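Structure record follows, encoded as structure tokens.
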Amino acid sequence: MTVQAIDKKSEAETALAGAFEAMKGKGASALRQASWEFFARKGLPTRRVEAWHYTDLRASLRSVAPLGAPGAITLPPATDGRLRLVVADGAFRPELSDVAALPAGVELSSLADVLAKDDAAVLAALGLPENAGADAVVALNAALMQDGVVLRVAPATEVAKTIEILLLSTGGEARSSFTRSLVLVGDGAKARIVETSLALTPSGAQENHVLAFSIGAGAEVEHIADIGPQSESAIRLFSLLVTAQAKAVFKSLGFIEGGGLVRRQIFARLAGEEASVALDGVSLLGGKHHADTTLVVEHAAANCKSRERFRSVLDGQSTGVFQGKVVVRPGAQKTDGSMQSRALLLSENATMNNKPELEIFADDVVCGHGATCGRLDADQLFYLVARGLPKHEAEALLIEGFAGEIIEAIGEEAARDVYFERIRSWLANRGDGK
Amino acid sequence: MIEIKNLHVSIGERKILDGLNLTVKDGEVAAIMGPNGTGKSTLSYVISGREGYDVTEGEVLLDGENILGLEPHERAAKGVFLAFQYPVEIPGVATMTFLKAAVNAQRRSRGEEELQTPDFMKMVREASTKLGINMDMLKRALNVGFSGGEKKRMDILQMSLLQPKFGILDETDSGLDIDALRIVSEGVNALRSPDRGFLVITHYQRLLDYIKPDTVHVMAKGKIQKTGGPELALELEKSGYRDYVGEAA
């Protein structure tokens, strides 16, 4: 391992300083400046930063692709029944979005507009939740944020249709993008938000996306982060920031399908009593793809519940990472927390790093965690082949079942079908060095 | 008809089957009884093609064709069916999905057309009703959370859908109470037919009160030591396996 002097800026860090100079005049200057100074002090995370131990971003991000807006875009077909908001290479594109179709009670602005107006209330919500405050990538995003969407769901509004934030990478030449979106859900409201990251053409795109949810008392939010296929050279960072007030319910599924170097981080804070979060994830990786899910769930109030269930399927020379930390603050009594990460290794050369952690500062709690890592079960496999299924079909059925248990929990029926189909087609294409 | 000729099987350095000979004719129910650790389960796995067993000598002929070189799914398509001692739980795979995949995989393998969903459902409904299996159960993950009796019934349901030439019941009575044993046995008896043979592996005479064998074979030390009619099972129940365990070198 080479030892790098921390005070020497890497080429990428120098380039990021240049990007900051270009962005710092584009609204929210105080937040940008403070965030940049924080980032500049910390630098890009290396393996010496514990939370980034298995994903050395400084080593991976050698140079920085230019910021840039795309030209003409042909959108892929929409999933039935969804309203789509398009953010392409870092710019919100209202003309491609279903803006007019948004129902009453849902208010939309572009982040760029909000920043230009220096709206104090939104800026406060954009500020980092306490538990993500130490993360350099979230700070870098705040310093360089270009655009995104700000959605406000009025209290007691039930949004029937799923709203999809489509984060497009147009490809061709590799670009950098920094998007930040904010969803403010009023008390007692209900909404389904899907965040889809899609490459129209594969490229070595460098993306840093933040999606923040502020969920009011008794509100219910279901979220899917769909991180689709991308070139192995891409670097894609997704940060999900969640604050849930009393009796709020937040459910989230991360679906990662061989997306280059993917880091998905979740900072969820249960801020009011009887709030609950359920964080699920499925990763399908082959080739040299790398997917890191790192999450911190903070129980800051009593009687809250958290559930994490992550499944990784690893083929080829891929690498999976799961780091989960459940923190129970003093006074967060009657916390009910359970965390599970399971990995299925389909190849000798695939790697999984599992690191579950509990930090408990209250004495009346029930918390558990489990992590497993292994091959397909020989008894299960034999049972299926003995019934007439050829080996590859039997394996596919078992893998589909392994990942499918998580997909079953999705509330949106059309989405369940989509992900089962994605799993099947991934399985059908597996084994060709994908 | 299945003919096992001079079968020698090892796991690593350890010899398990030592020149076993056995013929089960179409329409015949043959019972194999024997003490623990004598290779009864090995025999059922070797016939159905499980990995990890070295067949060093001998052959297993199904209607005259040696099946030892075939993959397990090919043997299944040719009509070999193993009812497991402990059917495995498969989380995340709905029973119905699995049943359809198995039936159609075998049909494909035999060059037959796959069954369409309505025909398949009709077939499953009929077979399930006969075995007293609620259709709701088939929506659940295969064997997950099922009782011992339900798991065995599910295996018999599979057998009745797959209509094998030759069924092996590997200690089907383990983990079953009397009621479950009766239901499972009735399911097997309903499948007895002049063109289907069965090999019933068991420790105890009890199962054979329900599934009446035509022939009984005593297995010990990796081979068949004695062959007789149903009366042999009753004899064993009284005298135990001592004579056979002591006998061979």
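As shown in the structure tokens, the chain order sets the letters A, B, ...; within each chain, residues go from 1, and ligands are also counted from 1 in the order they appear.
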Per-residue nearest contacts chain A to chain B, cut-off 9 Å, using only C-alpha atoms, as CSV:
```
residue,atom,partner,partner_atom,distance
A:Asp379,CA,B:Val88,CA,7.0
A:Gln380,CA,B:Val88,CA,6.1
A:Phe382,CA,B:Arg50,CA,6.7
A:Tyr383,CA,B:Val88,CA,7.0
A:Leu384,CA,B:Ala102,CA,7.7
A:Val385,CA,B:His73,CA,4.9
A:Ala386,CA,B:Pro72,CA,5.4
A:Arg387,CA,B:Ala102,CA,5.8
A:Gly388,CA,B:His73,CA,4.0
A:Leu389,CA,B:His73,CA,5.5
A:Pro390,CA,B:His73,CA,5.5
A:Lys391,CA,B:His73,CA,7.7
A:Glu393,CA,B:Ala101,CA,8.9
A:Leu397,CA,B:Val93,CA,7.1
A:Leu398,CA,B:Val93,CA,7.1
A:Ile399,CA,B:Gly92,CA,8.9
A:Glu400,CA,B:Gly92,CA,7.5
A:Gly401,CA,B:Gly92,CA,3.8
A:Phe402,CA,B:Gly92,CA,5.8
A:Ala403,CA,B:Gly92,CA,7.7
A:Gly404,CA,B:Gly92,CA,5.9
A:Glu405,CA,B:Gly92,CA,5.0
A:Ile406,CA,B:Gly92,CA,8.7
A:Glu408,CA,B:Gly92,CA,8.8
```
Mind checking DSSP for stretch 40-229 of chain B and telling me the strand (DSSP E or B) residues as an mmCIF file with C-alpha atoms, in the first residue's frame?
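Result file part_1.cif:
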```
data_model
loop_
_atom_site.group_PDB
_atom_site.id
_atom_site.type_symbol
_atom_site.label_atom_id
_atom_site.label_comp_id
_atom_site.auth_asym_id
_atom_site.auth_seq_id
_atom_site.Cartn_x
_atom_site.Cartn_y
_atom_site.Cartn_z
ATOM 1 C CA ASP B 54 -17.578 -42.285 -7.286
ATOM 2 C CA VAL B 55 -19.060 -45.215 -9.127
ATOM 3 C CA THR B 56 -16.029 -47.460 -9.569
ATOM 4 C CA GLU B 57 -17.799 -50.451 -11.090
ATOM 5 C CA GLY B 58 -21.184 -51.648 -12.237
ATOM 6 C CA GLU B 59 -24.210 -50.192 -13.957
ATOM 7 C CA VAL B 60 -27.762 -49.008 -13.406
ATOM 8 C CA LEU B 61 -30.060 -49.879 -16.299
ATOM 9 C CA LEU B 62 -33.425 -48.230 -16.781
ATOM 10 C CA GLU B 65 -30.220 -48.212 -20.851
ATOM 11 C CA ASN B 66 -27.320 -47.438 -18.515
ATOM 12 C CA VAL B 80 -36.417 -41.535 -12.288
ATOM 13 C CA PHE B 81 -38.023 -39.864 -9.292
ATOM 14 C CA LEU B 82 -36.559 -39.557 -5.802
ATOM 15 C CA ALA B 83 -38.896 -38.683 -2.936
ATOM 16 C CA ILE B 90 -36.424 -23.209 -1.153
ATOM 17 C CA PRO B 91 -37.162 -19.645 -0.045
ATOM 18 C CA GLY B 92 -38.302 -17.166 -2.658
ATOM 19 C CA VAL B 93 -39.420 -19.806 -5.161
ATOM 20 C CA ALA B 94 -43.193 -20.199 -5.276
ATOM 21 C CA ALA B 141 -42.378 -20.667 -1.221
ATOM 22 C CA LEU B 142 -41.531 -24.323 -1.796
ATOM 23 C CA PHE B 166 -39.453 -45.552 -11.328
ATOM 24 C CA GLY B 167 -39.984 -43.946 -7.928
ATOM 25 C CA ILE B 168 -37.599 -44.134 -5.000
ATOM 26 C CA LEU B 169 -39.013 -43.345 -1.574
ATOM 27 C CA ASP B 170 -36.086 -42.627 0.720
ATOM 28 C CA SER B 193 -49.451 -49.162 -11.766
ATOM 29 C CA ARG B 196 -44.236 -48.208 -12.740
ATOM 30 C CA GLY B 197 -41.775 -49.671 -10.279
ATOM 31 C CA PHE B 198 -41.027 -48.448 -6.752
ATOM 32 C CA LEU B 199 -38.105 -48.791 -4.423
ATOM 33 C CA VAL B 200 -39.164 -48.135 -0.842
ATOM 34 C CA ILE B 201 -36.288 -47.545 1.546
ATOM 35 C CA THR B 202 -37.137 -47.809 5.207
ATOM 36 C CA THR B 215 -40.381 -58.051 -2.524
ATOM 37 C CA VAL B 216 -38.252 -57.208 0.502
ATOM 38 C CA HIS B 217 -34.473 -56.920 0.398
ATOM 39 C CA VAL B 218 -32.191 -56.746 3.363
ATOM 40 C CA MET B 219 -29.239 -54.475 2.777
ATOM 41 C CA ALA B 220 -26.113 -54.430 4.914
ATOM 42 C CA LYS B 223 -24.992 -55.020 -0.702
ATOM 43 C CA ILE B 224 -28.215 -56.995 -0.679
ATOM 44 C CA GLN B 225 -27.864 -59.785 1.875
ATOM 45 C CA LYS B 226 -31.212 -61.473 1.570
ATOM 46 C CA THR B 227 -34.289 -61.255 -0.631
ATOM 47 C CA GLY B 228 -37.751 -62.485 0.172
#
```
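Nearest residue to A:Asp280 among A:Leu31, A:Ile193, A:Ala121, A:Ile224 is A:Ile224, counting only C-alpha atoms.
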Query raised in the report: What does the distance between atom CA of A:Val149 and atom CA of A:Gly259 come to in Å, to one decimal place?
Result: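 Here the two named atoms are 23.1 Å from each other.
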Query raised in the report: When you draw a straight line from atom CA of A:Ser203 to atom CA of A:Arg48, how long is it in Å?
Result: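 Pair atom CA of A:Ser203 / atom CA of A:Arg48 returns 28.7 Å.
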**Report entry** Distance query A:Leu344 at most 9 Å, only C-alpha atoms, self and fewer than 3 positions along chain excluded, as number ranges by chain
**Finding:** A: 311-315, 352, 372-376, 399, 402
Please produce a file of the residues just selected, as an mmCIF file, in the first residue's frame, where the atoms kept are C-alpha atoms.
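File written: part.cif
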```cif
data_model
loop_
_atom_site.group_PDB
_atom_site.id
_atom_site.type_symbol
_atom_site.label_atom_id
_atom_site.label_comp_id
_atom_site.auth_asym_id
_atom_site.auth_seq_id
_atom_site.Cartn_x
_atom_site.Cartn_y
_atom_site.Cartn_z
ATOM 1 C CA ARG A 311 -28.988 -9.305 -0.970
ATOM 2 C CA SER A 312 -26.004 -9.338 -3.290
ATOM 3 C CA VAL A 313 -25.468 -11.697 -6.207
ATOM 4 C CA LEU A 314 -21.849 -11.623 -7.323
ATOM 5 C CA ASP A 315 -20.428 -13.176 -10.454
ATOM 6 C CA MET A 352 -18.077 -9.643 -0.753
ATOM 7 C CA THR A 372 -23.821 -14.348 5.377
ATOM 8 C CA CYS A 373 -21.770 -15.025 2.326
ATOM 9 C CA GLY A 374 -21.750 -18.263 0.385
ATOM 10 C CA ARG A 375 -22.409 -20.266 -2.736
ATOM 11 C CA LEU A 376 -25.642 -21.764 -3.940
ATOM 12 C CA ILE A 399 -30.892 -16.923 -7.622
ATOM 13 C CA PHE A 402 -32.834 -15.255 -3.395
#
```
Query - Which of stretch 11-229 of chain B fall in helix (DSSP H, G or I), as JSON, numbers by chain - result: {"B": [40, 41, 42, 43, 44, 45, 46, 47, 48, 72, 73, 74, 75, 76, 77, 78, 95, 96, 97, 98, 99, 100, 101, 102, 103, 104, 105, 106, 107, 108, 109, 117, 118, 119, 120, 121, 122, 123, 124, 125, 126, 127, 128, 129, 130, 131, 135, 136, 137, 138, 139, 148, 149, 150, 151, 152, 153, 154, 155, 156, 157, 158, 159, 160, 161, 162, 178, 179, 180, 181, 182, 183, 184, 185, 186, 187, 188, 189, 190, 191, 206, 207, 208, 209, 210]}
Requested in this report: Between atom CA of A:Asp336 and atom CA of A:Val365, measure the distance and give it in Å to one decimal.
Outcome: 6.2 Å
Query - Non-local contacts of B:Leu207 (12 Å; only C-alpha atoms; under 5 positions in same chain excluded) as a ChimeraX atom specification - result: /B:31-33,169-174,176-186,188-189,200-202,212-213,230,233-234,237
